[in-house]
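Text of work.cif (mmCIF, C-alpha atoms and all ligand atoms) as supplied:
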data_entry
loop_
_atom_site.label_atom_id
_atom_site.label_comp_id
_atom_site.auth_asym_id
_atom_site.auth_seq_id
_atom_site.Cartn_x
_atom_site.Cartn_y
_atom_site.Cartn_z
CA MET J 1 -2.24 -7.58 17.80
CA PHE J 2 -3.04 -5.51 14.74
CA ALA J 3 -2.36 -5.29 11.02
CA HIS J 4 -1.60 -1.97 9.37
CA VAL J 5 -3.00 -2.19 5.84
CA PRO J 6 -2.30 0.96 3.82
CA TYR J 7 -4.25 2.28 0.88
CA ASP J 8 -2.85 0.76 -2.32
CA ASP J 9 -1.57 3.69 -4.35
CA GLY J 10 0.81 1.46 -6.31
CA ARG J 11 3.86 2.78 -4.44
CA CYS J 12 4.90 -0.24 -2.40
CA PRO J 13 1.96 -0.33 0.01
CA ALA J 14 3.34 -3.10 2.21
CA ASN J 15 1.34 -4.26 5.19
CA ALA J 16 2.81 -4.15 8.67
CA GLY J 17 2.02 -6.03 11.86
CA ILE J 18 1.80 -4.48 15.30
CA ILE J 19 2.07 -6.81 18.29
CA THR J 20 1.60 -5.17 21.64
CA GLY J 21 2.91 -6.49 24.93
CA PRO J 22 3.86 -5.37 28.42
CA GLU J 23 7.46 -4.76 27.42
CA GLY J 24 6.64 -2.72 24.31
CA VAL J 25 5.69 -3.28 20.71
CA THR J 26 6.97 -5.62 18.03
CA VAL J 27 6.47 -4.33 14.47
CA ILE J 28 6.52 -6.74 11.54
CA ASP J 29 8.03 -4.99 8.51
CA ALA J 30 9.08 -1.39 8.57
CA VAL J 31 7.51 -0.58 5.18
CA ALA J 32 8.92 1.35 2.26
CA THR J 33 9.05 5.05 2.84
CA ALA J 34 9.54 7.58 5.59
CA ALA J 35 5.91 8.66 5.32
CA ARG J 36 4.64 5.10 5.49
CA ALA J 37 6.90 4.29 8.44
CA ARG J 38 5.63 7.39 10.26
CA ALA J 39 2.08 6.21 9.62
CA VAL J 40 2.88 2.88 11.25
CA ARG J 41 4.49 4.70 14.17
CA ALA J 42 1.42 6.91 14.51
CA ALA J 43 -0.76 3.80 14.56
CA VAL J 44 1.39 2.36 17.34
CA GLU J 45 1.16 5.58 19.32
CA SER J 46 -2.61 5.72 18.88
CA LEU J 47 -2.79 2.39 20.68
CA GLY J 48 -0.89 3.80 23.67
CA ALA J 49 1.10 0.60 23.60
CA GLY J 50 4.53 1.91 24.46
CA PRO J 51 7.70 2.14 22.40
CA VAL J 52 8.56 -0.11 19.49
CA ARG J 53 11.19 -2.43 20.92
CA ARG J 54 11.55 -4.92 18.06
CA ILE J 55 11.18 -4.90 14.29
CA VAL J 56 11.02 -8.11 12.28
CA HIS J 57 11.84 -8.00 8.58
CA THR J 58 10.07 -10.69 6.56
CA HIS J 59 12.67 -10.28 3.77
CA HIS J 60 15.15 -7.76 2.42
CA HIS J 61 13.00 -5.92 -0.12
CA GLY J 62 12.89 -2.21 0.47
CA GLY J 63 9.13 -2.21 0.66
CA HIS J 64 9.47 -4.09 3.93
CA ALA J 65 12.87 -3.06 5.30
CA HIS J 66 13.44 0.61 4.50
CA GLY J 67 11.56 2.38 7.22
CA ASP J 68 13.24 1.29 10.43
CA GLY J 69 16.11 3.72 10.87
CA ASP J 70 14.31 6.96 11.59
CA ALA J 71 10.78 5.99 12.52
CA PHE J 72 11.84 3.35 15.06
CA PRO J 73 15.31 4.32 16.34
CA GLU J 74 14.81 2.53 19.66
CA ALA J 75 14.01 -0.85 18.11
CA THR J 76 16.16 -3.95 17.73
CA VAL J 77 15.94 -5.15 14.12
CA ILE J 78 15.57 -8.93 13.72
CA ALA J 79 15.77 -10.84 10.45
CA HIS J 80 17.06 -13.93 8.73
CA ALA J 81 20.82 -14.02 8.25
CA LEU J 82 20.38 -13.84 4.48
CA THR J 83 18.20 -10.74 4.84
CA ARG J 84 21.08 -9.02 6.61
CA SER J 85 23.60 -10.04 3.97
CA GLU J 86 21.28 -8.95 1.15
CA MET J 87 20.77 -5.58 2.81
CA ALA J 88 24.49 -5.20 3.50
CA GLY J 89 25.30 -5.98 -0.11
CA ALA J 90 22.82 -3.39 -1.34
CA GLY J 91 24.52 -0.60 0.65
CA PRO J 92 22.88 2.42 2.24
CA ARG J 93 20.35 2.84 -0.56
CA PRO J 94 18.79 -0.60 -0.85
CA THR J 95 17.71 -1.91 -4.19
CA GLY J 96 14.69 -4.02 -5.02
CA PRO J 97 11.21 -3.57 -6.37
CA CYS J 98 10.53 -0.60 -4.09
CA SER J 99 13.84 1.21 -4.41
CA GLY J 100 12.17 4.01 -6.35
CA ALA J 101 9.11 4.38 -4.16
CA GLY J 102 9.98 7.85 -2.86
CA ARG J 103 11.57 6.88 0.41
CA GLY J 104 11.71 10.47 1.57
CA GLY J 105 15.20 10.11 3.00
CA VAL J 106 14.32 7.09 5.06
CA ARG J 107 17.28 5.21 6.47
CA SER J 108 17.34 1.46 6.75
CA VAL J 109 19.28 -0.31 9.48
CA LEU J 110 21.03 -3.66 9.22
CA PRO J 111 19.46 -6.27 11.50
CA SER J 112 21.43 -6.71 14.72
CA VAL J 113 19.82 -10.07 15.54
CA THR J 114 19.73 -12.80 12.91
CA PHE J 115 18.71 -16.43 12.82
CA GLU J 116 18.73 -19.35 10.39
CA GLU J 117 15.60 -21.49 10.77
CA ARG J 118 13.35 -20.41 13.67
CA LEU J 119 13.30 -17.89 16.44
CA THR J 120 10.61 -17.42 19.07
CA LEU J 121 9.95 -14.00 20.56
CA HIS J 122 7.86 -13.64 23.69
CA SER J 123 5.46 -10.77 24.08
CA GLY J 124 3.77 -11.13 27.43
CA ASP J 125 1.93 -14.46 27.23
CA ARG J 126 2.03 -14.46 23.44
CA SER J 127 4.53 -16.51 21.44
CA VAL J 128 5.68 -14.92 18.21
CA GLU J 129 7.34 -17.53 16.05
CA LEU J 130 9.63 -16.45 13.21
CA VAL J 131 9.97 -19.24 10.67
CA PHE J 132 12.25 -19.32 7.64
CA CYS J 133 10.46 -20.65 4.53
CA GLY J 134 12.69 -19.58 1.65
CA PRO J 135 13.53 -19.62 -1.10
CA ALA J 136 10.04 -18.58 -2.14
CA HIS J 137 9.41 -14.91 -2.92
CA THR J 138 13.14 -14.29 -2.27
CA THR J 139 15.99 -16.33 -0.87
CA ASN J 140 15.35 -15.11 2.68
CA ASP J 141 11.62 -15.26 3.39
CA VAL J 142 10.45 -15.37 6.99
CA VAL J 143 6.85 -15.67 8.12
CA VAL J 144 5.56 -14.76 11.56
CA TRP J 145 3.19 -17.23 13.19
CA LEU J 146 1.15 -16.44 16.27
CA PRO J 147 -0.13 -19.86 17.38
CA GLY J 148 -2.32 -18.55 20.18
CA ASP J 149 -4.16 -16.24 17.80
CA ARG J 150 -3.86 -18.51 14.74
CA VAL J 151 -2.69 -15.48 12.81
CA LEU J 152 -0.03 -15.72 10.13
CA PHE J 153 1.94 -12.76 8.82
CA ALA J 154 3.10 -14.18 5.51
CA GLY J 155 5.23 -11.40 4.05
CA ASP J 156 5.35 -11.41 0.27
CA VAL J 157 5.26 -15.22 0.07
CA VAL J 158 1.49 -14.71 -0.11
CA LEU J 159 -0.16 -11.67 -1.69
CA ALA J 160 -3.83 -10.80 -1.64
CA GLY J 161 -5.29 -9.68 -4.95
CA ALA J 162 -2.01 -9.69 -6.84
CA ALA J 163 0.06 -12.29 -8.63
CA PRO J 164 2.87 -13.84 -6.60
CA CYS J 165 6.40 -12.80 -7.50
CA THR J 166 9.11 -15.47 -7.48
CA LEU J 167 11.71 -14.01 -9.84
CA MET J 168 14.16 -13.45 -6.95
CA GLY J 169 13.18 -16.68 -5.19
CA SER J 170 11.71 -19.95 -6.41
CA VAL J 171 8.43 -21.23 -7.84
CA GLU J 172 9.02 -24.73 -6.50
CA GLY J 173 10.28 -23.32 -3.21
CA ALA J 174 7.17 -21.15 -2.91
CA LEU J 175 5.01 -24.23 -3.37
CA ARG J 176 6.91 -25.98 -0.58
CA ALA J 177 6.51 -22.87 1.56
CA ILE J 178 2.75 -22.86 0.98
CA GLY J 179 2.64 -26.44 2.22
CA MET J 180 4.52 -25.40 5.35
CA LEU J 181 2.22 -22.44 5.94
CA ARG J 182 -0.91 -24.51 5.44
CA ALA J 183 0.25 -26.87 8.20
CA PHE J 184 0.10 -24.01 10.70
CA GLY J 185 -3.70 -24.03 10.48
CA ALA J 186 -4.01 -20.27 10.33
CA ARG J 187 -7.42 -18.69 10.72
CA THR J 188 -6.23 -15.28 9.53
CA VAL J 189 -3.51 -14.49 6.99
CA VAL J 190 -1.97 -11.05 6.74
CA CYS J 191 -0.28 -11.02 3.36
CA GLY J 192 2.64 -8.81 2.40
CA ARG J 193 0.16 -6.61 0.58
CA GLY J 194 -3.55 -6.42 0.14
CA PRO J 195 -6.51 -7.04 2.41
CA ILE J 196 -6.53 -9.46 5.32
CA ARG J 197 -7.60 -12.92 4.26
CA ASP J 198 -8.34 -16.37 5.59
CA ALA J 199 -6.38 -19.50 4.72
CA ARG J 200 -8.03 -19.79 1.30
CA VAL J 201 -5.45 -17.31 0.03
CA LEU J 202 -2.91 -20.12 0.40
CA ASP J 203 -4.95 -22.31 -1.95
CA GLU J 204 -5.20 -19.48 -4.48
CA THR J 205 -1.45 -18.87 -4.35
CA GLU J 206 -0.70 -22.54 -4.80
CA ALA J 207 -3.06 -22.78 -7.79
CA TYR J 208 -1.33 -19.84 -9.48
CA LEU J 209 2.13 -21.28 -8.90
CA ARG J 210 1.14 -24.69 -10.27
CA TRP J 211 -0.35 -22.98 -13.34
CA VAL J 212 2.97 -21.15 -13.82
CA GLN J 213 4.80 -24.46 -13.77
CA VAL J 214 2.44 -25.95 -16.38
CA VAL J 215 2.79 -22.92 -18.68
CA ALA J 216 6.57 -22.93 -18.17
CA MET J 217 6.85 -26.59 -19.13
CA ARG J 218 4.94 -25.94 -22.37
CA GLY J 219 7.11 -22.98 -23.31
CA TRP J 220 10.38 -24.60 -22.23
CA GLN J 221 9.67 -27.69 -24.35
CA ARG J 222 8.77 -25.54 -27.37
CA GLY J 223 11.81 -23.31 -27.04
CA LEU J 224 9.78 -20.15 -26.47
CA SER J 225 11.13 -17.39 -24.25
CA PRO J 226 9.30 -16.53 -21.02
CA ALA J 227 8.05 -13.31 -22.61
CA GLU J 228 6.82 -15.14 -25.71
CA MET J 229 5.09 -17.74 -23.60
CA ALA J 230 3.52 -15.15 -21.34
CA GLY J 231 2.13 -13.44 -24.41
CA GLN J 232 0.45 -16.68 -25.45
CA ALA J 233 -0.82 -17.81 -22.05
CA PRO J 234 -4.38 -16.77 -21.26
CA ALA J 235 -4.59 -15.65 -17.65
CA GLY J 236 -7.74 -17.75 -17.29
CA PRO J 237 -8.73 -18.15 -13.67
CA PHE J 238 -6.11 -15.60 -12.60
CA SER J 239 -7.25 -12.67 -14.73
CA HIS J 240 -8.62 -10.96 -11.62
CA LEU J 241 -5.17 -10.71 -10.04
CA GLY J 242 -3.24 -7.47 -10.22
CA ARG J 243 0.35 -7.28 -11.48
CA ALA J 244 -0.31 -9.80 -14.22
CA GLU J 245 3.00 -8.78 -15.84
CA ARG J 246 4.78 -10.76 -13.14
CA LEU J 247 4.02 -13.84 -15.18
CA VAL J 248 7.12 -13.15 -17.30
CA GLY J 249 9.42 -13.15 -14.27
CA ASN J 250 7.70 -16.13 -12.73
CA LEU J 251 8.10 -18.07 -15.99
CA ARG J 252 11.75 -17.06 -16.12
CA ARG J 253 12.28 -18.50 -12.67
CA ALA J 254 10.30 -21.63 -13.56
CA TYR J 255 12.40 -22.10 -16.72
CA ALA J 256 15.55 -21.87 -14.59
CA GLU J 257 14.19 -24.59 -12.35
CA LEU J 258 13.49 -26.78 -15.37
CA ASP J 259 17.12 -26.21 -16.40
CA GLY J 260 18.21 -27.54 -13.00
CA GLY J 261 20.45 -26.27 -10.23
CA PRO J 262 19.70 -25.14 -6.69
CA LEU J 263 16.43 -23.39 -6.00
CA GLY J 264 16.75 -19.65 -5.61
CA ARG J 265 20.05 -19.39 -7.44
CA PRO J 266 20.85 -15.98 -8.90
CA LEU J 267 19.78 -15.52 -12.51
CA GLU J 268 21.76 -13.73 -15.19
CA PRO J 269 20.35 -10.33 -16.15
CA PRO J 270 17.89 -10.79 -19.01
ZN ZN O 1 9.08 -8.46 -1.55
#
Can you give me the file's structure in the form of structure tokens?
Amino acid sequence: MFAHVPYDDGRCPANAGIITGPEGVTVIDAVATAARARAVRAAVESLGAGPVRRIVHTHHHGGHAHGDGDAFPEATVIAHALTRSEMAGAGPRPTGPCSGAGRGGVRSVLPSVTFEERLTLHSGDRSVELVFCGPAHTTNDVVVWLPGDRVLFAGDVVLAGAAPCTLMGSVEGALRAIGMLRAFGARTVVCGRGPIRDARVLDETEAYLRWVQVVAMRGWQRGLSPAEMAGQAPAGPFSHLGRAERLVGNLRRAYAELDGGPLGRPLEPP
């Protein structure tokens, strides 16, 4: 089992997982662009591990779901049911944070196998557990837990070295998801982006999300907009995180949760 961690050039450098087995390879996330997907395929081929039989999408964002059509034509694409509906609604040119990442003509494929809560894949003697934990980063987050290896592929629910992004998901839901992930007892966490970490990255993510809720409560009570509040909030212990501008979107989502309604509900355009 391997993690493919690309150089961060700021153009949707999503991590991918490669799980080898006697019946072929399972890839976790098909990454953003044709070039990146070919790099994952080359990594698979360098292992001599056989064809890619299965791709798991951790969520619908293009940075994780664009690269399957051409680089892995022989694979069955597996995802949460909401991931499929989000991708279907976006049409042949998916939208999302990585829609402009220079896909190089890459073609995404709608998942042909979907599930709601959990699905276990078997790769030789290894169990590969797909677990729904949304809404968190999006409405349709799935993590991949390998209990025998104590390795967790967390998708974008957990990011290493960058601020979490909950605008399309839920701050409160992400906190609940972190609790669920912590219960796995992972020794190694492969985040959606950034270097491989241990379980302390869960604590760091939780601390950031709780800080967002505190800042949001202050701004919401004072009638300040998320942008105004973000301008006043010192990053403090989170100043080392990249993508600090995500605070505005995270506050917007936290404000919506203070207003009430179901977690992860769509927000009006700003
Ligand atoms: Zn994402």
Taking all atoms listed in the file into account, produce a table as a tab-separated table in which each residue of chain J with an atom at most 8 Å from an atom of ligand ZN 1 (chain O) appears once, together with its shortest atom pair and the distance in Å to one decimal, ordered by chain and rising number.
residue	atom	partner	partner_atom	distance
J:His59	CA	O:ZN1	ZN	6.7
J:His60	CA	O:ZN1	ZN	7.3
J:His61	CA	O:ZN1	ZN	4.9
J:Gly62	CA	O:ZN1	ZN	7.6
J:Gly63	CA	O:ZN1	ZN	6.6
J:His64	CA	O:ZN1	ZN	7.0
J:Gly96	CA	O:ZN1	ZN	8.0
J:Pro97	CA	O:ZN1	ZN	7.2
J:His137	CA	O:ZN1	ZN	6.6
J:Thr138	CA	O:ZN1	ZN	7.1
J:Gly155	CA	O:ZN1	ZN	7.4
J:Asp156	CA	O:ZN1	ZN	5.1
J:Val157	CA	O:ZN1	ZN	7.9
J:Cys165	CA	O:ZN1	ZN	7.8
J:Gly192	CA	O:ZN1	ZN	7.6
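Atom pair atom CA of J:Trp220 / atom CA of J:Glu257: separated by 10.6 Å.
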* With a distance cut-off of 10 Å and only C-alpha atoms, select the neighbouring residues of stretch 223-233 of chain J, excluding the residue or stretch itself and same-chain residues fewer than 6 positions from it, and output the selection as an NGL selection string. => :J and (212 or 215-217 or 244-255)
* Write out as a PyMOL selection string each polymer residue whose atoms come within 12 Å of stretch 41-45 of chain J, counting only C-alpha atoms; drop sequence neighbours fewer than 2 positions from it. => chain J and resi 1-6+16-21+24-31+34-39+47-53+55+67-68+70-75
* Determine the nearest neighbour of J:Arg243 from the options J:Ala256, J:Val201, J:Ala174, J:Leu159, counting all atoms listed in the file. =>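 Smallest distance to J:Arg243 is found for J:Leu159.
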* To do: Tell me, in Å to one decimal, how far atom CA of J:Phe132 is from atom CA of J:Glu117.
  =>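 Between atom CA of J:Phe132 and atom CA of J:Glu117 the gap is 5.1 Å.
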* Nearest to J:Ala162 by atom-to-atom distance, counting all atoms listed in the file, from J:Leu241, J:Met180, J:Cys191, J:Leu175 -> J:Leu241
* atom CA of J:Cys133 to atom CA of J:Asp8: how many Å, to one decimal? ->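 Here the two named atoms are 26.1 Å from each other.
Between J:Pro195 and the residues J:Ala14, J:Leu267, J:Leu82, J:Val143, the shortest atom-to-atom distance, using only C-alpha atoms, involves J:Ala14.
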